[in-house]
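First up is the structure itself, then whatever we jot down about it.
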Amino acid sequence: MSELVLAPSTIVVSAGAPPAASPPPSAGQKRAQSPLLVVTWSLAALAPQLPLRFPVDPDLPPSPKRRYRSAYLPPDPTALRERDLTTLRDFDLAVEQIDFSPLERALAAHYQPSQKGQVPYHPVSLFLAIALRRDRGWSWAEVARVLAHPEEGAVWRTRCGFTTGATPSASGLRHFFHAVGPEVFAALCPEFITLLRTHGLFPERSTYPDDPPDRGITVCQDGMLHPARHQACCHLATATCYQPLAEPGVAPSTPDAAPASPAGDAPGTPSDAVGPGPTVGRPCRAREHHVPGCTCASAACQTPCQRASRLDPEARFIHYAGRARPDPAAGSEPAPAAPAGPTATAKGPRTTTGTNVFGYRSVAERALDDRFAVAWTLRSRLSPASTDERTIFADRVAGLRRTFPDLTIGEWLDDAGVGFARGLDAIWELGALRMVDLRADPSDRDPAACLARGYDGQGRPLCPHGYPLRANGYDHARRRAKYVCAQACRRQPLQEGTPIQEVVGCPYLDPSTQGFVVNVGRTLPDGSVRLAREIPYGSDTWQARYGRRNLAESRNGQLAGMGLKRLRAYGTARNTKEVQLADFLLNLRTLGRLVRQATTRAPS
């Protein structure tokens, strides 16, 4: 048999199926490959700073109580050296590294200075107990039972400062949670970020490879829809349904505050709903969409409509259509991820592709740290599910700047819901890259309209003859992207399937020049900002940078794991506390996860 000799460049491929592509590395694998992981997050590296003291406003008044039934003590930093970290949950490991003593002043603000009555528990002890409840997704009764159990609750009694036989009841924990002011929960995530920054653990500049050293951090906004606890109500109710009537059967003078997004179908209506009738009483979206509604003509509807939710009055209905992301190279423009139009019928709601939700939407701003493939939650809030992004985004950006005035933001990752003028301009004013998905418009599919305005449906400028220009870099100082034609008509056809034909008489055919040039800054050539981006949409650079959103989107799954997919409490105020506490716990979990992985990797 003769020997087979291969040239050096020859590659032999088997006749079977092609080899499968290697899956992209997970976040944990990326962290394991980082040379900074051990020197930053291992217990040995953190030891001189442990326990990390939780920062609070130093101007808060001291607690009005001098004695407590429990005694919270900061954790002993040497206790972890002998522990097997693989047996600890992420949250538990983080609690062992942070001194929460400074929170006493904020948490005890609702205590009364009176010496009468029962001596209360230490507020930090109670805070850690309600944090344990949310981390495990328990009920109030379950966390009280665990703390009181002689064996099962021993570790957490020590961490919280309780003693055997002296632990809070379920009603006591619930009362404390509701009594603490909302500002305390709203400040948890910002104060934790301050803790990280104080100890040099938070990125102050972009961590994306090869970014300029003066570029700020990357921020990604992540949202989640939460069904309200109260569902036995009319899901099409709006603000006017809660306004009192001057007289029975007379509509209020204030116009109906319908949600900014189109109306959707309601998944169910009250079984005793009356059929459509004459328009009397309040404006009624249910009747407008031919769904059995209420005439509000009875005395029972004098103060709000009897079919509107009394327990979740700020919850609203939305039909979230969602959308599939097409291949940008195919040239098709994705549809916006926005609420679908009304689909209610006389026989009831008709389900379309997407999600029907009567409830709320939580939104969190998260900072990405590419060095360790993690996201830190900066702030979060809760709004009605139908809240229009255009009405709140600019205010949220301004609020973020007030919370962290010395933190530079250099890149903002978001979906198409932010792709309106107010949102894009707010990001531009930050000095950040607008890594925002594209919002579609019917003109994007009209070649004549694209040529007239000077750019295609993906925001890529066109030459006067319709050829797409080539990206030629981004000027960071001038904040503008340059596009050139580079005589594209000599190398590619104007339309697929047609021959290559050089444009006769074009003044930009000189091969010694770059040809026709367009600079894209805040706007595109026609003054529009909708498709204006610093990084060409759909390019390899865009895909790599935008793909990092998945680091922030893990929040949804973790909140669901904590039992917060459908909210457990009634009303915006209580549910906002639950969500903000959960986002704080996500930061603690991330801290614990980093310390465990760095320490178990560290050489002995």
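Going by the structure tokens order, chains are called A, B, ..., each with residues numbered from 1, while ligands are numbered from 1 in the order shown.
Inside range 84-256 of chain A, the residues DSSP reads as strand (DSSP E) when given the backbone are Ile98, Asp99, Ile217, Thr218, Val219, Cys220, Gln221, Asp222, Gly223, Met224, Leu225, His226 and Pro227 of chain A.
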- Can you pull out every residue within 10 Å of range 180-197 of chain A, counting only C-alpha atoms, but drop anything in the same chain fewer than 5 positions away, and send it as a PyMOL selection string? chain A and resi 52-57+98+103+106-111+123+127+175+202-204+367+376-381+400+403-404+573-574+576-588+591
Give me, as a PDB file with C-alpha atoms, in the first residue's frame, all polymer residues having an atom no more than 10 Å from Ala488 in chain A, counting only C-alpha atoms and skipping those fewer than 4 positions away in the same chain.
ATOM      1  CA  CYS A 463     -23.883  56.588  -1.205  1.00  0.00           C
ATOM      2  CA  TYR A 467     -24.482  51.380  -2.284  1.00  0.00           C
ATOM      3  CA  PRO A 468     -23.952  50.750   1.465  1.00  0.00           C
ATOM      4  CA  LEU A 469     -20.857  52.441   2.843  1.00  0.00           C
ATOM      5  CA  ARG A 470     -18.126  50.642   4.742  1.00  0.00           C
ATOM      6  CA  VAL A 484     -16.605  55.473   3.226  1.00  0.00           C
ATOM      7  CA  GLN A 492     -20.240  44.456  -5.660  1.00  0.00           C
ATOM      8  CA  PRO A 493     -23.601  44.655  -7.432  1.00  0.00           C
ATOM      9  CA  LEU A 494     -26.207  47.159  -6.358  1.00  0.00           C
ATOM     10  CA  ILE A 500     -21.277  44.468 -11.068  1.00  0.00           C
ATOM     11  CA  GLU A 502     -19.400  50.791 -12.144  1.00  0.00           C
ATOM     12  CA  VAL A 503     -21.326  54.048 -11.779  1.00  0.00           C
ATOM     13  CA  LEU A 509     -14.170  56.928  -8.324  1.00  0.00           C
ATOM     14  CA  GLY A 515     -14.423  58.031  -2.098  1.00  0.00           C
ATOM     15  CA  PHE A 516     -17.739  59.244  -0.700  1.00  0.00           C
TER      16      PHE A 516
END
- Message: Could you list, as a PyMOL selection string, every residue within 8 Å of Leu43 in chain A, counting only C-alpha atoms and ignoring same-chain residues fewer than 3 positions away?
- Response: chain A and resi 46-47+81+595+598-599
For C-alpha atoms, I'd like the residues from the last selection saved as a short mmCIF file (atom, residue, chain, number, x, y, z; two decimals), in the first residue's frame.
data_model
loop_
_atom_site.label_atom_id
_atom_site.label_comp_id
_atom_site.auth_asym_id
_atom_site.auth_seq_id
_atom_site.Cartn_x
_atom_site.Cartn_y
_atom_site.Cartn_z
CA LEU A 46 -9.43 40.26 51.10
CA ALA A 47 -8.17 39.31 54.57
CA ARG A 81 -10.15 30.15 57.06
CA VAL A 595 -14.86 34.71 46.76
CA ALA A 598 -11.17 32.64 43.74
CA THR A 599 -10.36 30.95 47.06
#
- Nearest residue to Gly417 in chain A from the set A:Arg287, A:Pro536, A:Gly223, A:Cys233 (distances using only C-alpha atoms):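 Of the candidates, the smallest distance to Gly417 in chain A is held by A:Gly223.
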Compile a residue-level contact table for range 375-413 of chain A against range 207-215 of chain A at a cut-off of 9 Å, reporting for every qualifying residue the shortest atom pair and its distance in Å to one decimal, with only C-alpha atoms counted, rows ordered by chain and ascending number, as a Markdown table.
| residue | atom | partner | partner_atom | distance |
| --- | --- | --- | --- | --- |
| A:Thr408 | CA | A:Arg215 | CA | 7.7 |
| A:Ile409 | CA | A:Arg215 | CA | 7.5 |
| A:Gly410 | CA | A:Arg215 | CA | 5.1 |
| A:Glu411 | CA | A:Arg215 | CA | 8.1 |
Keeping only all heavy atoms, take the residues you just selected and write them out as a CSV table (one decimal), in the first residue's frame.
chain,number,residue,atom,x,y,z
A,408,THR,N,-18.3,57.4,36.0
A,408,THR,CA,-18.4,57.6,34.5
A,408,THR,C,-19.0,56.4,33.8
A,408,THR,O,-18.6,55.3,34.0
A,408,THR,CB,-17.1,58.0,33.9
A,408,THR,OG1,-16.5,59.0,34.6
A,408,THR,CG2,-17.2,58.3,32.5
A,409,ILE,N,-20.1,56.7,33.0
A,409,ILE,CA,-20.7,55.6,32.2
A,409,ILE,C,-20.3,55.8,30.8
A,409,ILE,O,-20.5,56.9,30.2
A,409,ILE,CB,-22.2,55.7,32.3
A,409,ILE,CG1,-22.7,55.5,33.8
A,409,ILE,CG2,-22.9,54.7,31.5
A,409,ILE,CD1,-24.1,55.7,34.1
A,410,GLY,N,-19.7,54.8,30.2
A,410,GLY,CA,-19.1,54.9,28.9
A,410,GLY,C,-19.9,54.1,27.8
A,410,GLY,O,-19.6,54.2,26.6
A,411,GLU,N,-20.8,53.2,28.3
A,411,GLU,CA,-21.5,52.3,27.3
A,411,GLU,C,-22.8,52.0,28.0
A,411,GLU,O,-22.9,51.6,29.2
A,411,GLU,CB,-20.7,51.1,27.0
A,411,GLU,CG,-21.4,50.1,26.0
A,411,GLU,CD,-20.5,48.9,25.8
A,411,GLU,OE1,-19.8,48.5,26.7
A,411,GLU,OE2,-20.6,48.3,24.7
- Extract, using only C-alpha atoms, all DNA, RNA and protein residues at most 7 Å from range 557-562 of chain A, discarding same-chain residues fewer than 6 positions from it, and format them as a PyMOL selection string. chain A and resi 134-137+582
I need the residues from that last selection saved to file as a short mmCIF file (atom, residue, chain, number, x, y, z; two decimals), in the first residue's frame (with C-alpha atoms), if you can.
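File produced: selection13.cif:
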data_model
loop_
_atom_site.label_atom_id
_atom_site.label_comp_id
_atom_site.auth_asym_id
_atom_site.auth_seq_id
_atom_site.Cartn_x
_atom_site.Cartn_y
_atom_site.Cartn_z
CA ARG A 134 -36.09 36.20 50.63
CA ASP A 135 -32.88 34.36 49.67
CA ARG A 136 -34.51 31.00 50.36
CA GLY A 137 -37.93 31.98 49.00
CA ALA A 582 -33.94 40.71 46.20
#
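For Leu80 in chain A, the list of residues within 12 Å, based on only C-alpha atoms and with local chain neighbours fewer than 5 positions off taken out, reads A:Ser42, A:Leu43, A:Ala44, A:Leu46, A:Ala47, A:Leu50, A:Pro51, A:Pro75, A:Leu85, A:Thr86, A:Thr87, A:Leu88, A:Asp92, A:Leu93, A:Ala94, A:Val95, A:Glu96, A:Gln97, A:Val595, A:Arg596, A:Thr599.
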- Using only C-alpha atoms, the best pick from A:Pro113, A:Gly354, A:Gly293, A:Gly527 as closest to Arg453 in chain A would be A:Gly527
- Query: Could you pull the residues within 12 Å of Thr164 in chain A, counting only C-alpha atoms, minus those fewer than 3 positions along the same chain, as a VMD selection string?
  - Reply: chain A and resid 69 to 70 146 to 158 160 to 161 167 to 168
Restricting the output to C-alpha atoms, write the selected residues as a tab-separated table (two decimals), in the first residue's frame.
chain	number	residue	atom	x	y	z
A	69	ARG	CA	-33.35	41.24	72.92
A	70	SER	CA	-30.67	40.11	70.47
A	146	VAL	CA	-36.17	27.62	61.13
A	147	LEU	CA	-34.78	30.28	63.47
A	148	ALA	CA	-36.55	28.68	66.44
A	149	HIS	CA	-35.45	25.13	65.62
A	150	PRO	CA	-32.74	23.99	68.08
A	151	GLU	CA	-30.54	22.38	65.43
A	152	GLU	CA	-31.68	23.61	62.02
A	153	GLY	CA	-31.48	27.28	63.00
A	154	ALA	CA	-28.32	27.21	65.10
A	155	VAL	CA	-26.02	28.70	62.47
A	156	TRP	CA	-28.38	31.50	61.53
A	157	ARG	CA	-29.18	32.33	65.14
A	158	THR	CA	-25.45	32.92	65.61
A	160	CYS	CA	-28.18	37.15	63.36
A	161	GLY	CA	-27.42	37.41	67.07
A	167	THR	CA	-36.32	34.31	68.23
A	168	PRO	CA	-38.89	36.48	66.45
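Distance check against Met435 in chain A using only C-alpha atoms: of A:Pro23, A:Gly423, A:Pro35, A:Gly454, the minimum falls on A:Gly423.
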- One decimal, Å: what's the distance from CA of Asp312 in chain A over to CA of Ala398 in chain A, could you say?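 It comes out at 28.3 Å.
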Could you tell me, as a CSV table (one decimal) with N, CA and C atoms, in the first residue's frame, which residues of range 432-572 of chain A DSSP assigns to helix (DSSP H, G or I) when given the backbone?
chain,number,residue,atom,x,y,z
A,442,PRO,N,-41.7,51.3,9.1
A,442,PRO,CA,-42.0,50.8,7.8
A,442,PRO,C,-41.1,51.3,6.7
A,443,SER,N,-40.6,52.5,6.8
A,443,SER,CA,-39.7,53.0,5.7
A,443,SER,C,-38.4,52.2,5.6
A,444,ASP,N,-38.0,51.5,6.6
A,444,ASP,CA,-36.8,50.7,6.5
A,444,ASP,C,-36.9,49.6,5.5
A,445,ARG,N,-38.1,49.2,5.0
A,445,ARG,CA,-38.2,48.2,4.0
A,445,ARG,C,-38.4,48.8,2.6
A,447,PRO,N,-36.7,50.6,-0.3
A,447,PRO,CA,-35.4,51.1,-0.8
A,447,PRO,C,-35.4,52.5,-1.3
A,448,ALA,N,-36.4,53.0,-1.9
A,448,ALA,CA,-36.5,54.4,-2.3
A,448,ALA,C,-36.4,55.3,-1.1
A,449,ALA,N,-37.2,55.0,-0.1
A,449,ALA,CA,-37.2,55.8,1.1
A,449,ALA,C,-35.8,55.8,1.8
A,450,CYS,N,-35.1,54.7,1.8
A,450,CYS,CA,-33.8,54.6,2.4
A,450,CYS,C,-32.8,55.4,1.6
A,451,LEU,N,-32.9,55.4,0.3
A,451,LEU,CA,-32.0,56.2,-0.5
A,451,LEU,C,-32.2,57.7,-0.4
A,452,ALA,N,-33.5,58.0,-0.2
A,452,ALA,CA,-33.8,59.5,-0.1
A,452,ALA,C,-33.3,60.0,1.3
A,453,ARG,N,-33.3,59.2,2.3
A,453,ARG,CA,-32.9,59.7,3.6
A,453,ARG,C,-31.4,59.5,3.8
A,488,ALA,N,-17.3,51.0,-3.8
A,488,ALA,CA,-18.0,49.7,-3.7
A,488,ALA,C,-18.6,49.3,-5.0
A,489,CYS,N,-19.0,50.3,-5.9
A,489,CYS,CA,-19.6,49.9,-7.1
A,489,CYS,C,-18.7,49.1,-8.1
A,490,ARG,N,-17.4,49.1,-7.8
A,490,ARG,CA,-16.5,48.4,-8.6
A,490,ARG,C,-16.3,46.9,-8.1
A,540,ASP,N,-19.4,42.4,13.6
A,540,ASP,CA,-18.8,41.5,14.6
A,540,ASP,C,-18.6,42.2,15.9
A,541,THR,N,-18.2,43.5,15.8
A,541,THR,CA,-17.9,44.2,17.0
A,541,THR,C,-19.2,44.4,17.8
A,542,TRP,N,-20.3,44.8,17.0
A,542,TRP,CA,-21.6,45.0,17.7
A,542,TRP,C,-22.0,43.7,18.4
A,543,GLN,N,-22.0,42.6,17.7
A,543,GLN,CA,-22.4,41.3,18.2
A,543,GLN,C,-21.7,40.9,19.5
A,544,ALA,N,-20.3,41.1,19.5
A,544,ALA,CA,-19.5,40.8,20.6
A,544,ALA,C,-19.9,41.7,21.8
A,545,ARG,N,-20.1,43.0,21.6
A,545,ARG,CA,-20.3,43.9,22.7
A,545,ARG,C,-21.8,43.7,23.2
A,546,TYR,N,-22.7,43.6,22.3
A,546,TYR,CA,-24.1,43.5,22.7
A,546,TYR,C,-24.4,42.2,23.3
A,549,ARG,N,-25.1,41.3,27.2
A,549,ARG,CA,-26.3,41.6,28.0
A,549,ARG,C,-26.7,40.4,28.7
A,550,ASN,N,-26.3,39.2,28.3
A,550,ASN,CA,-26.7,38.0,29.0
A,550,ASN,C,-26.2,37.9,30.4
A,551,LEU,N,-25.1,38.7,30.7
A,551,LEU,CA,-24.6,38.7,32.1
A,551,LEU,C,-25.6,39.4,33.0
A,552,ALA,N,-26.3,40.4,32.5
A,552,ALA,CA,-27.3,41.1,33.3
A,552,ALA,C,-28.6,40.4,33.3
A,554,SER,N,-29.4,37.4,33.7
A,554,SER,CA,-29.5,36.3,34.7
A,554,SER,C,-30.4,36.7,35.8
A,555,ARG,N,-30.6,38.0,36.0
A,555,ARG,CA,-31.4,38.6,37.1
A,555,ARG,C,-32.8,38.0,37.1
A,556,ASN,N,-33.4,37.8,36.0
A,556,ASN,CA,-34.8,37.4,35.9
A,556,ASN,C,-35.0,36.0,36.5
A,557,GLY,N,-34.1,35.1,36.1
A,557,GLY,CA,-34.2,33.7,36.6
A,557,GLY,C,-33.9,33.6,38.1
A,558,GLN,N,-33.0,34.5,38.6
A,558,GLN,CA,-32.7,34.4,40.0
A,558,GLN,C,-33.9,35.0,40.9
A,559,LEU,N,-34.5,36.1,40.4
A,559,LEU,CA,-35.7,36.6,41.1
A,559,LEU,C,-36.8,35.6,41.1
A,560,ALA,N,-37.0,34.9,40.0
A,560,ALA,CA,-38.0,33.8,39.9
A,560,ALA,C,-37.7,32.7,41.0
A,561,GLY,N,-36.4,32.4,41.1
A,561,GLY,CA,-36.0,31.4,42.1
A,561,GLY,C,-36.2,31.8,43.5
A,572,THR,N,-48.0,48.5,45.4
A,572,THR,CA,-46.7,48.8,44.9
A,572,THR,C,-45.6,49.0,46.0
